file model-v4.csv (CSV, C-alpha atoms)
chain,number,residue,atom,x,y,z
Z,22,MET,CA,-3.9,-21.1,-23.5
Z,23,THR,CA,-5.7,-20.8,-26.7
Z,24,GLY,CA,-3.3,-20.2,-29.5
Z,25,TYR,CA,-0.6,-17.6,-29.9
Z,26,VAL,CA,-1.2,-14.1,-28.7
Z,27,SER,CA,1.4,-11.4,-29.0
Z,28,PRO,CA,3.0,-10.3,-25.8
Z,29,PRO,CA,2.1,-6.9,-24.3
Z,30,SER,CA,4.2,-4.0,-25.2
Z,31,ASP,CA,7.1,-3.4,-22.8
Z,32,GLY,CA,6.3,0.3,-22.3
Z,33,ARG,CA,9.6,1.6,-23.5
Z,34,ASP,CA,9.6,5.1,-24.9
Z,35,GLY,CA,8.8,5.3,-28.5
Z,36,ASP,CA,6.8,2.1,-28.4
Z,37,ILE,CA,3.6,3.1,-30.1
Z,38,HIS,CA,2.7,-0.2,-31.6
Z,39,LEU,CA,0.0,-1.2,-29.3
Z,40,GLU,CA,-2.3,-4.1,-29.9
Z,41,PHE,CA,-6.0,-3.4,-30.3
Z,42,LEU,CA,-6.8,-4.6,-26.8
Z,43,GLU,CA,-4.1,-2.5,-25.4
Z,44,GLN,CA,-5.4,0.6,-27.2
Z,45,GLU,CA,-8.8,-0.1,-25.9
Z,46,LEU,CA,-7.5,-0.4,-22.4
Z,47,VAL,CA,-5.9,3.0,-22.6
Z,48,THR,CA,-9.1,4.5,-23.8
Z,49,VAL,CA,-11.3,2.7,-21.3
Z,50,LEU,CA,-9.2,3.5,-18.3
Z,51,ASN,CA,-9.0,7.2,-19.2
Z,52,ASP,CA,-12.8,7.3,-19.8
Z,53,PHE,CA,-13.5,5.5,-16.6
Z,54,ALA,CA,-11.2,7.9,-14.7
Z,55,ASN,CA,-13.5,10.7,-15.8
Z,56,THR,CA,-16.7,9.1,-14.6
Z,57,SER,CA,-16.5,10.6,-11.2
Z,58,PRO,CA,-15.5,14.1,-10.0
Z,59,THR,CA,-12.7,14.4,-7.6
Z,60,PRO,CA,-13.9,14.8,-4.0
Z,61,HIS,CA,-12.4,17.4,-1.7
Z,62,PHE,CA,-9.4,16.2,0.4
Z,63,ASP,CA,-8.9,18.3,3.5
Z,64,ALA,CA,-5.1,18.9,3.6
Z,65,PRO,CA,-5.0,20.9,6.8
Z,66,GLY,CA,-7.2,18.2,8.5
Z,67,ILE,CA,-4.8,15.5,7.4
Z,68,ARG,CA,-1.8,17.5,8.7
Z,69,ARG,CA,-3.5,17.9,12.1
Z,70,HIS,CA,-4.3,14.3,12.2
Z,71,THR,CA,-0.7,13.3,11.4
Z,72,ARG,CA,0.6,15.6,14.1
Z,73,ARG,CA,-1.5,14.1,16.7
Z,74,LYS,CA,-0.4,10.6,15.8
Z,75,ARG,CA,3.2,11.8,15.9
Z,76,ALA,CA,2.7,13.3,19.4
Z,77,GLY,CA,1.5,9.9,20.6
Z,78,PHE,CA,4.5,8.2,19.2
Z,79,VAL,CA,6.9,10.7,20.8
Z,80,ALA,CA,5.2,10.2,24.2
Z,81,ALA,CA,5.7,6.4,23.8
Z,82,VAL,CA,9.3,6.9,23.0
Z,83,ALA,CA,9.8,9.1,25.9
Z,84,ALA,CA,8.3,6.4,28.2
Z,85,VAL,CA,10.9,4.0,26.8
Z,86,VAL,CA,13.7,6.4,27.6
Z,87,VAL,CA,12.5,6.9,31.1
Z,88,ALA,CA,12.4,3.1,31.6
Z,89,ALA,CA,16.0,2.8,30.5
Z,90,GLY,CA,18.6,1.9,33.0
Z,91,VAL,CA,16.3,-0.5,34.7
Z,92,GLY,CA,15.7,-3.3,32.3
Z,93,THR,CA,16.9,-4.5,29.0
Z,94,ALA,CA,13.8,-4.3,26.8
Z,95,LEU,CA,10.4,-2.9,26.8
Z,96,ALA,CA,7.3,-3.5,24.9
Z,97,ALA,CA,4.8,-0.8,24.5
Z,98,ALA,CA,1.4,-0.8,22.9
Z,99,GLY,CA,-1.6,1.3,22.4
Z,100,THR,CA,-5.0,-0.3,22.1
Z,101,GLY,CA,-6.8,2.7,20.7
Z,102,SER,CA,-7.8,2.5,17.0
Z,103,HIS,CA,-5.4,0.2,15.2
Z,104,THR,CA,-2.2,1.6,16.5
Z,105,ALA,CA,0.2,-0.6,18.4
Z,106,ARG,CA,3.0,1.7,19.6
Z,107,PRO,CA,6.7,0.9,19.7
Z,108,ALA,CA,8.5,-1.7,21.5
Z,109,ALA,CA,12.2,-1.1,22.1
Z,110,ARG,CA,15.4,-2.3,23.6
Z,111,THR,CA,17.1,0.3,25.6
Z,112,THR,CA,20.4,0.8,27.3
Z,113,THR,CA,21.3,-0.4,30.7
Z,114,SER,CA,24.3,0.7,32.6
Z,115,THR,CA,23.7,-0.3,36.2
Z,116,THR,CA,22.5,-3.8,36.4
Z,117,PRO,CA,24.8,-6.8,36.1
Z,118,THR,CA,22.2,-8.7,34.1
Z,119,THR,CA,23.4,-11.0,31.5
Z,120,THR,CA,22.7,-9.2,28.3
Z,121,THR,CA,21.8,-10.6,25.0
Z,122,SER,CA,23.5,-7.9,23.1
Z,123,THR,CA,25.1,-8.8,19.8
Z,124,SER,CA,28.6,-7.3,19.5
Z,125,THR,CA,29.8,-4.4,21.4
Z,126,SER,CA,28.7,-4.9,24.9
Z,127,THR,CA,31.6,-4.5,27.3
Z,128,GLU,CA,31.8,-5.7,30.8
Z,129,LYS,CA,33.6,-3.7,33.5
Z,130,GLY,CA,33.2,-5.2,36.9
Z,131,ASN,CA,29.6,-5.8,37.3
Z,132,VAL,CA,28.5,-3.0,34.9
Z,133,THR,CA,27.3,-4.1,31.6
Z,134,THR,CA,26.8,-1.6,28.8
Z,135,VAL,CA,24.4,-2.5,26.1
Z,136,PRO,CA,24.4,-0.3,22.9
Z,137,TYR,CA,21.3,1.6,22.4
Z,138,VAL,CA,18.9,0.0,19.9
Z,139,LYS,CA,16.6,2.3,18.1
Z,140,PRO,CA,12.9,2.0,19.1
Z,141,PHE,CA,10.9,0.4,16.4
Z,142,ASP,CA,7.3,0.9,15.5
Z,143,LEU,CA,4.8,-2.0,15.4
Z,144,LYS,CA,1.9,0.3,14.4
Z,145,GLY,CA,-0.1,-1.5,11.7
Z,146,VAL,CA,2.9,-3.5,10.5
Z,147,PRO,CA,2.4,-6.9,9.0
Z,148,LEU,CA,2.7,-9.8,11.5
Z,149,ALA,CA,5.9,-11.1,9.8
Z,150,ALA,CA,7.6,-7.7,10.1
Z,151,ALA,CA,6.6,-7.4,13.8
Z,152,GLU,CA,8.0,-10.8,14.5
Z,153,GLU,CA,11.2,-9.8,12.8
Z,154,ALA,CA,11.4,-6.6,14.8
Z,155,LEU,CA,10.8,-8.5,18.0
Z,156,ALA,CA,13.5,-11.0,17.1
Z,157,GLY,CA,15.8,-8.0,16.4
Z,158,ALA,CA,15.2,-6.8,20.0
Z,159,ARG,CA,15.8,-10.4,21.3
Z,160,LEU,CA,12.2,-10.8,22.4
Z,161,LYS,CA,10.1,-13.7,21.6
Z,162,VAL,CA,6.7,-13.8,20.0
Z,163,GLY,CA,4.1,-15.1,22.5
Z,164,THR,CA,0.5,-15.9,21.7
Z,165,VAL,CA,-0.8,-14.5,18.5
Z,166,THR,CA,-4.5,-13.7,18.6
Z,167,HIS,CA,-6.8,-12.4,15.9
Z,168,GLY,CA,-9.3,-9.6,16.2
Z,169,VAL,CA,-10.7,-6.7,14.3
Z,170,VAL,CA,-10.7,-3.0,14.9
Z,171,ASP,CA,-12.1,-0.3,12.7
Z,172,ASN,CA,-10.2,0.0,9.4
Z,173,CYS,CA,-7.5,-2.3,10.4
Z,174,LYS,CA,-5.4,-3.9,7.7
Z,175,PRO,CA,-5.8,-7.7,7.5
Z,176,GLY,CA,-2.6,-9.4,8.8
Z,177,SER,CA,-1.3,-6.3,10.6
Z,178,VAL,CA,-0.6,-5.9,14.3
Z,179,ILE,CA,-3.4,-4.1,16.2
Z,180,ALA,CA,-2.3,-4.6,19.7
Z,181,VAL,CA,0.8,-5.7,21.7
Z,182,SER,CA,0.9,-7.1,25.2
Z,183,PRO,CA,2.3,-6.5,27.7
Z,184,LEU,CA,1.5,-2.8,27.6
Z,185,ALA,CA,3.9,0.1,28.1
Z,186,PRO,CA,5.7,0.7,30.3
Z,187,THR,CA,6.3,-2.9,31.2
Z,188,VAL,CA,10.0,-3.8,31.2
Z,189,LEU,CA,11.0,-7.0,29.5
Z,190,HIS,CA,14.2,-8.8,29.6
Z,191,GLY,CA,15.8,-10.4,26.5
Z,192,GLY,CA,14.1,-13.7,25.6
Z,193,GLU,CA,10.7,-12.8,27.2
Z,194,LYS,CA,7.6,-13.1,25.2
Z,195,VAL,CA,5.4,-10.4,23.7
Z,196,ASP,CA,1.8,-11.3,22.7
Z,197,LEU,CA,0.4,-9.8,19.5
Z,198,ALA,CA,-3.1,-9.3,18.3
Z,199,VAL,CA,-3.4,-9.4,14.6
Z,200,CYS,CA,-6.2,-8.0,12.4
Z,201,GLY,CA,-8.4,-10.5,10.6
W,124,MET,CA,8.6,26.8,1.6
W,125,ASP,CA,6.9,26.0,4.8
W,126,PRO,CA,6.3,22.3,4.8
W,127,GLY,CA,2.6,22.8,5.8
W,128,THR,CA,1.8,25.0,2.8
W,129,ASP,CA,3.9,22.8,0.6
W,130,PHE,CA,1.8,19.8,1.6
W,131,ASP,CA,-1.5,21.7,1.1
W,132,SER,CA,-0.5,22.8,-2.4
W,133,PHE,CA,0.5,19.2,-3.2
W,134,VAL,CA,-2.9,18.0,-2.2
W,135,ALA,CA,-4.6,20.9,-4.0
W,136,THR,CA,-2.8,20.2,-7.3
W,137,ARG,CA,-2.3,16.5,-7.2
W,138,SER,CA,-5.3,15.0,-5.5
W,139,ARG,CA,-7.2,14.9,-8.8
W,140,ALA,CA,-4.5,12.8,-10.5
W,141,LEU,CA,-4.3,10.6,-7.5
W,142,PHE,CA,-8.0,10.2,-7.3
W,143,ARG,CA,-8.3,9.2,-11.0
W,144,GLY,CA,-5.6,6.6,-10.5
W,145,ALA,CA,-7.4,5.3,-7.4
W,146,LEU,CA,-10.7,5.2,-9.2
W,147,VAL,CA,-9.4,3.0,-12.0
W,148,LEU,CA,-7.6,0.8,-9.5
W,149,THR,CA,-10.5,0.2,-7.2
W,150,GLY,CA,-13.4,0.6,-9.6
W,151,SER,CA,-15.5,2.4,-7.0
W,152,ARG,CA,-15.8,6.0,-6.0
W,153,GLU,CA,-16.0,5.3,-2.3
W,154,ALA,CA,-13.0,3.0,-2.2
W,155,ALA,CA,-11.0,5.4,-4.3
W,156,GLU,CA,-11.8,8.2,-1.9
W,157,ASP,CA,-10.8,6.1,1.1
W,158,LEU,CA,-7.6,5.1,-0.6
W,159,VAL,CA,-6.5,8.6,-1.5
W,160,GLN,CA,-7.3,9.9,2.0
W,161,GLU,CA,-5.2,7.2,3.5
W,162,THR,CA,-2.4,7.7,1.0
W,163,LEU,CA,-2.3,11.4,1.8
W,164,GLU,CA,-2.2,10.6,5.5
W,165,ARG,CA,0.8,8.4,5.0
W,166,ALA,CA,2.5,10.9,2.7
W,167,CYS,CA,1.9,13.6,5.3
W,168,GLY,CA,3.6,11.6,7.9
W,169,ARG,CA,6.8,11.5,5.8
W,170,TRP,CA,6.2,14.7,4.0
W,171,ARG,CA,9.6,16.3,4.8
W,172,ALA,CA,11.4,13.4,3.1
W,173,ILE,CA,9.0,13.2,0.2
W,174,ALA,CA,9.1,16.9,-0.5
W,175,ALA,CA,12.8,16.7,-0.9
W,176,MET,CA,12.5,14.0,-3.6
W,177,ASP,CA,12.9,14.5,-7.3
W,178,ALA,CA,9.5,13.0,-8.0
W,179,PRO,CA,7.2,13.3,-5.0
W,180,ASP,CA,4.3,12.3,-7.3
W,181,ALA,CA,5.8,9.0,-8.2
W,182,TYR,CA,6.6,8.2,-4.6
W,183,VAL,CA,3.1,9.1,-3.4
W,184,ARG,CA,1.6,7.0,-6.2
W,185,ARG,CA,3.8,4.1,-5.0
W,186,ILE,CA,2.4,4.5,-1.5
W,187,MET,CA,-1.1,4.3,-3.0
W,188,VAL,CA,-0.7,1.2,-5.2
W,189,ASN,CA,1.0,-0.7,-2.4
W,190,LEU,CA,-1.8,0.3,0.0
W,191,ALA,CA,-4.4,-0.9,-2.5
W,192,ASN,CA,-2.5,-4.2,-2.9
W,193,ASN,CA,-2.1,-4.8,0.8
W,194,ARG,CA,-5.8,-4.2,1.3
W,195,TRP,CA,-7.2,-5.9,-1.8
W,196,LYS,CA,-9.7,-7.9,0.3
W,197,ARG,CA,-11.2,-4.8,1.7
W,198,PHE,CA,-11.4,-3.1,-1.7
W,199,ARG,CA,-12.7,-6.1,-3.5
W,200,ARG,CA,-15.6,-6.1,-1.1
W,201,VAL,CA,-16.5,-2.6,-2.1
W,202,VAL,CA,-16.4,-3.3,-5.9
W,203,PRO,CA,-19.8,-4.1,-7.2
W,204,GLN,CA,-19.9,-7.7,-7.9
W,205,HIS,CA,-21.5,-9.0,-11.1
W,206,ASP,CA,-22.6,-12.6,-11.5
W,207,ALA,CA,-19.5,-14.5,-12.4
W,208,GLY,CA,-19.0,-15.0,-16.1
W,209,ASP,CA,-22.3,-13.4,-17.1
W,210,ASP,CA,-21.7,-10.6,-19.4
W,211,ARG,CA,-24.8,-11.1,-21.4
W,212,PRO,CA,-27.1,-8.2,-21.5
W,213,ALA,CA,-30.0,-8.5,-19.1
W,214,PRO,CA,-33.2,-9.0,-21.1
W,215,GLY,CA,-35.1,-6.0,-22.1
W,216,ASP,CA,-33.3,-3.2,-20.3
W,217,ASP,CA,-30.6,-0.6,-21.0
W,218,TYR,CA,-27.9,-3.3,-20.9
W,219,GLY,CA,-29.1,-4.3,-24.3
W,220,ARG,CA,-26.8,-1.6,-25.6
W,221,VAL,CA,-23.8,-2.7,-23.6
W,222,ASP,CA,-20.7,-2.6,-25.7
W,223,SER,CA,-17.4,-4.2,-25.5
W,224,ARG,CA,-15.9,-1.2,-23.6
W,225,ASP,CA,-18.3,-1.5,-20.7
W,226,GLN,CA,-17.5,-5.2,-20.7
W,227,LEU,CA,-13.9,-4.4,-20.6
W,228,VAL,CA,-14.3,-2.1,-17.6
W,229,ARG,CA,-16.1,-4.8,-15.7
W,230,ALA,CA,-13.7,-7.5,-16.7
W,231,LEU,CA,-10.8,-5.4,-15.5
W,232,GLN,CA,-12.4,-5.0,-12.1
W,233,ARG,CA,-12.6,-8.8,-11.9
W,234,LEU,CA,-8.9,-9.3,-12.3
W,235,PRO,CA,-7.0,-10.1,-9.2
W,236,ILE,CA,-5.7,-6.8,-7.6
W,237,GLY,CA,-2.1,-7.5,-8.4
W,238,MET,CA,-2.8,-8.1,-12.1
W,239,ARG,CA,-5.1,-5.1,-12.2
W,240,THR,CA,-2.5,-2.9,-10.7
W,241,VAL,CA,0.1,-3.9,-13.3
W,242,VAL,CA,-2.4,-3.3,-16.1
W,243,VAL,CA,-3.4,0.1,-14.6
W,244,LEU,CA,0.2,1.2,-14.1
W,245,ARG,CA,1.0,0.3,-17.7
W,246,TYR,CA,-2.0,1.5,-19.6
W,247,PHE,CA,-3.2,4.3,-17.4
W,248,HIS,CA,0.0,5.7,-15.8
W,249,ASP,CA,2.0,4.7,-18.9
W,250,LEU,CA,4.9,3.2,-17.0
W,251,SER,CA,7.6,0.8,-18.3
W,252,ASP,CA,8.2,-2.7,-17.0
W,253,ALA,CA,11.1,-1.5,-15.0
W,254,GLU,CA,9.2,1.4,-13.4
W,255,ILE,CA,6.3,-0.9,-12.5
W,256,ALA,CA,8.7,-3.4,-11.0
W,257,GLU,CA,10.2,-0.8,-8.8
W,258,ASP,CA,6.9,0.5,-7.7
W,259,LEU,CA,5.6,-2.9,-6.6
W,260,ARG,CA,9.0,-4.2,-5.5
W,261,ILE,CA,8.7,-7.2,-7.8
W,262,SER,CA,10.9,-8.3,-10.7
W,263,PRO,CA,10.4,-7.0,-14.2
W,264,SER,CA,9.8,-10.6,-15.4
W,265,ALA,CA,7.0,-10.9,-12.8
W,266,VAL,CA,5.5,-7.7,-14.3
W,267,ARG,CA,5.7,-9.2,-17.7
W,268,SER,CA,4.0,-12.4,-16.7
W,269,GLN,CA,1.3,-10.6,-14.8
W,270,LEU,CA,0.6,-8.3,-17.8
W,271,THR,CA,0.5,-11.2,-20.2
W,272,ARG,CA,-1.8,-13.2,-18.1
W,273,GLY,CA,-4.0,-10.2,-17.4
W,274,LEU,CA,-4.4,-9.4,-21.0
W,275,GLU,CA,-5.1,-13.1,-21.7
W,276,LYS,CA,-7.9,-13.1,-19.2
W,277,LEU,CA,-9.4,-9.9,-20.6
W,278,ARG,CA,-9.2,-11.3,-24.1
W,279,ALA,CA,-10.8,-14.6,-23.1
W,280,GLN,CA,-13.7,-12.7,-21.5
W,281,ILE,CA,-14.3,-10.4,-24.4
W,282,PRO,CA,-13.6,-12.1,-27.7
W,283,ALA,CA,-14.7,-9.1,-29.7
W,284,LEU,CA,-11.6,-7.2,-28.6
W,285,SER,CA,-9.2,-9.7,-30.1
W,286,GLU,CA,-10.0,-8.6,-33.6
W,287,PRO,CA,-8.8,-5.2,-34.5
W,288,PRO,CA,-11.1,-3.2,-36.8
W,289,SER,CA,-9.6,-2.2,-40.1
W,290,SER,CA,-9.4,1.5,-39.2
W,291,ALA,CA,-6.1,3.1,-38.4
W,292,ARG,CA,-4.7,2.5,-35.0
W,293,PRO,CA,-4.8,5.4,-32.6
W,294,ARG,CA,-1.7,6.4,-30.9
W,295,LYS,CA,-0.9,5.4,-27.3
W,296,GLY,CA,-2.6,7.5,-24.6
W,297,THR,CA,-1.1,10.6,-23.2
W,298,GLN,CA,-1.9,10.2,-19.5
W,299,THR,CA,0.6,12.4,-17.6
W,300,ARG,CA,2.8,10.8,-15.0
call {"tool": "encode", "arguments": {"input": "model-v4.csv", "output": "structure tokens"}}
result
Amino acid sequence: MTGYVSPPSDGRDGDIHLEFLEQELVTVLNDFANTSPTPHFDAPGIRRHTRRKRAGFVAAVAAVVVAAGVGTALAAAGTGSHTARPAARTTTSTTPTTTTSTSTSTEKGNVTTVPYVKPFDLKGVPLAAAEEALAGARLKVGTVTHGVVDNCKPGSVIAVSPLAPTVLHGGEKVDLAVCG
Amino acid sequence: MDPGTDFDSFVATRSRALFRGALVLTGSREAAEDLVQETLERACGRWRAIAAMDAPDAYVRRIMVNLANNRWKRFRRVVPQHDAGDDRPAPGDDYGRVDSRDQLVRALQRLPIGMRTVVVLRYFHDLSDAEIAEDLRISPSAVRSQLTRGLEKLRAQIPALSEPPSSARPRKGTQTR
């Protein structure tokens, strides 16, 4: 550091004593913001696009629900663009499988009830968050590979394996492909 | 109001402000356009919740700055790179008239994205430490240190800006939130 410089203003209301550099920044930023006209953003187009994505998500969730009752967990993925669709733990009511559920599973005879766990979404999430989500569903992270798809966010999940509608049991591994 | 119409009118009325913010954040028109487009797509996905908020604007801006931060590598690539440390005017061309404000714009684009974001939120969006901290999900003291270091870097690159002229100080900018 070279000598003492006054700290930046803290932005509280009424604070108008800006340093010269700070004043220049305000001016320069506002000037620069005016250097380019605003392009057109197609709102109806964006809405249609979002609806399509949501429809895909709903279909994946429906697949999860259909698979319920057979297994304990299920990983689903899409390979198109950079979407990896949800993986989820679902209910089971018929099989006597040893469940890995946390608190409220009750055993009656050979019927085990596992509380329903909300499906979660691995679409474009950072790797760490995906790992956390899988851990939450008592699945393990298998091999993590790296790759690139159009417009993917570095460090985010772009694909999941096995693909839907494979049924996984607690403790099984899910392979992830990560952007970058 | 019908959510669809509501979103459309949000885009129609607010995309200019969003784009201006994206422009100063990314330093490039193309990157800014991409950033706003993607921000609007995300906002649309959660539009019902956002529309019910007190300040949809602020929330959408938060989506935007966080997107920009998460993808700083991508955006940095788009920003025109100048030779490191060379702000001297190129011999014999228009750059001979380059002034400290142009230098400041370029110096700003060379700041790391996190620091640049804090500077932009403070001096362009006119937010307080606490508001910036909330937007970026960092602590107010982290905001302070990023700001201080950011200004220090800018100052170091453009010595001319350390000395205020004797003229009266203009008041703080009036960028709307």
call {"tool": "closest_residue", "arguments": {"input": "model-v4.csv", "among": "Z:Gly163, Z:Gly157, Z:Pro175, Z:Gly77", "to": "chain W", "atoms": "only C-alpha atoms"}}
result
Z:Pro175
call {"tool": "residues_near_point", "arguments": {"input": "model-v4.csv", "point": "(-2.2, -5.7, 11.9)", "cutoff": "8 Å", "atoms": "all atoms listed in the file", "output": "PyMOL selection string"}}
result
chain Z and resi 103+144-148+173-180+198-201
call {"tool": "closest_residue", "arguments": {"input": "model-v4.csv", "among": "W:Asp252, W:Glu161, W:Glu153, W:Asp129", "to": "chain Z", "atoms": "all atoms listed in the file"}}
result
W:Asp252
call {"tool": "atom_distance", "arguments": {"input": "model-v4.csv", "atom1": "CA of Thr56 in chain Z", "atom2": "CA of Arg224 in chain W"}}
result
13.7 Å
call {"tool": "closest_residue", "arguments": {"input": "model-v4.csv", "among": "Z:Arg72, Z:Glu193, Z:Val79, Z:His167", "to": "chain W", "atoms": "only C-alpha atoms"}}
result
Z:Arg72
call {"tool": "closest_residue", "arguments": {"input": "model-v4.csv", "among": "W:Val147, W:Leu158, W:Leu141, W:Val243", "to": "Asn193 in chain W", "atoms": "all atoms listed in the file"}}
result
W:Leu158
call {"tool": "closest_residue", "arguments": {"input": "model-v4.csv", "among": "W:Arg169, W:Arg229, W:Arg139, W:Arg185", "to": "chain Z", "atoms": "only C-alpha atoms"}}
result
W:Arg139
call {"tool": "atom_distance", "arguments": {"input": "model-v4.csv", "atom1": "CA of Leu146 in chain W", "atom2": "CA of Ser268 in chain W"}}
result
24.1 Å
call {"tool": "closest_residue", "arguments": {"input": "model-v4.csv", "among": "W:Ala181, W:Ile186, W:Met176, W:Val159", "to": "chain Z", "atoms": "all atoms listed in the file"}}
result
W:Val159
call {"tool": "atom_distance", "arguments": {"input": "model-v4.csv", "atom1": "CA of Phe133 in chain W", "atom2": "CA of Asp177 in chain W"}}
result
13.9 Å
call {"tool": "axis_aligned_box", "arguments": {"input": "model-v4.csv", "around": "range 146-157 of chain Z", "padding_each_side": "4 Å", "output": "JSON"}}
result
{"center_x": 9.1, "center_y": -7.3, "center_z": 13.5, "size_x": 21.4, "size_y": 15.6, "size_z": 17.0}
call {"tool": "residues_around", "arguments": {"input": "model-v4.csv", "residues": "Cys167 in chain W", "least_positions_apart": "6", "cutoff": "12 Å", "atoms": "only C-alpha atoms", "output": "list in words"}}
result
Asp63, Ala64, Pro65, Gly66, Ile67, Arg68, Arg69, His70, Thr71, Arg72, Arg73, Lys74 and Arg75 of chain Z; Pro126, Gly127, Thr128, Asp129, Phe130, Asp131, Phe133, Val134, Val159, Gln160, Glu161, Ile173, Ala174, Pro179, Val183 and Ile186 of chain W
call {"tool": "residues_around", "arguments": {"input": "model-v4.csv", "residues": "Phe142 in chain W", "least_positions_apart": "5", "cutoff": "8 Å", "atoms": "only C-alpha atoms", "output": "MDAnalysis selection string"}}
result
(chainID Z and resid 59) or (chainID W and resid 155:156 159)
call {"tool": "decode", "arguments": {"input": "model-v4.csv", "residues": "range 144-164 of chain Z", "atoms": "N, CA and C atoms", "output": "short mmCIF file (atom, residue, chain, number, x, y, z; two decimals), in the first residue's frame"}}
result
data_model
loop_
_atom_site.label_atom_id
_atom_site.label_comp_id
_atom_site.auth_asym_id
_atom_site.auth_seq_id
_atom_site.Cartn_x
_atom_site.Cartn_y
_atom_site.Cartn_z
N LYS Z 144 -30.30 -29.48 -12.59
CA LYS Z 144 -30.10 -28.73 -13.82
C LYS Z 144 -29.16 -27.55 -13.64
N GLY Z 145 -27.98 -27.67 -14.19
CA GLY Z 145 -27.06 -26.54 -14.15
C GLY Z 145 -26.58 -26.14 -12.77
N VAL Z 146 -26.80 -26.96 -11.77
CA VAL Z 146 -26.35 -26.56 -10.43
C VAL Z 146 -24.85 -26.79 -10.31
N PRO Z 147 -24.21 -26.03 -9.43
CA PRO Z 147 -22.78 -26.24 -9.20
C PRO Z 147 -22.54 -27.66 -8.67
N LEU Z 148 -21.38 -28.20 -8.96
CA LEU Z 148 -21.06 -29.56 -8.57
C LEU Z 148 -21.28 -29.78 -7.07
N ALA Z 149 -20.82 -28.84 -6.27
CA ALA Z 149 -20.92 -29.01 -4.82
C ALA Z 149 -22.37 -29.17 -4.38
N ALA Z 150 -23.24 -28.38 -5.00
CA ALA Z 150 -24.66 -28.43 -4.63
C ALA Z 150 -25.26 -29.76 -5.05
N ALA Z 151 -24.83 -30.27 -6.22
CA ALA Z 151 -25.33 -31.55 -6.70
C ALA Z 151 -24.91 -32.67 -5.75
N GLU Z 152 -23.66 -32.58 -5.30
CA GLU Z 152 -23.17 -33.60 -4.36
C GLU Z 152 -23.98 -33.58 -3.08
N GLU Z 153 -24.27 -32.37 -2.65
CA GLU Z 153 -25.05 -32.22 -1.43
C GLU Z 153 -26.45 -32.82 -1.62
N ALA Z 154 -27.03 -32.54 -2.77
CA ALA Z 154 -28.38 -33.03 -3.05
C ALA Z 154 -28.40 -34.55 -3.09
N LEU Z 155 -27.37 -35.12 -3.72
CA LEU Z 155 -27.31 -36.58 -3.81
C LEU Z 155 -27.13 -37.17 -2.41
N ALA Z 156 -26.28 -36.54 -1.64
CA ALA Z 156 -26.07 -37.02 -0.27
C ALA Z 156 -27.39 -36.97 0.50
N GLY Z 157 -28.17 -35.93 0.24
CA GLY Z 157 -29.46 -35.78 0.89
C GLY Z 157 -30.41 -36.92 0.53
N ALA Z 158 -30.24 -37.47 -0.66
CA ALA Z 158 -31.09 -38.58 -1.09
C ALA Z 158 -30.40 -39.91 -0.80
N ARG Z 159 -29.34 -39.85 -0.05
CA ARG Z 159 -28.56 -41.04 0.33
C ARG Z 159 -28.02 -41.79 -0.88
N LEU Z 160 -27.65 -41.03 -1.86
CA LEU Z 160 -26.96 -41.61 -3.01
C LEU Z 160 -25.52 -41.14 -2.95
N LYS Z 161 -24.66 -41.91 -3.61
CA LYS Z 161 -23.26 -41.51 -3.60
C LYS Z 161 -22.87 -40.93 -4.95
N VAL Z 162 -21.86 -40.09 -4.92
CA VAL Z 162 -21.35 -39.54 -6.16
C VAL Z 162 -20.35 -40.52 -6.73
N GLY Z 163 -20.58 -40.94 -7.95
CA GLY Z 163 -19.66 -41.87 -8.61
C GLY Z 163 -18.55 -41.11 -9.30
N THR Z 164 -18.30 -41.45 -10.54
CA THR Z 164 -17.25 -40.79 -11.30
C THR Z 164 -17.70 -39.39 -11.71
#
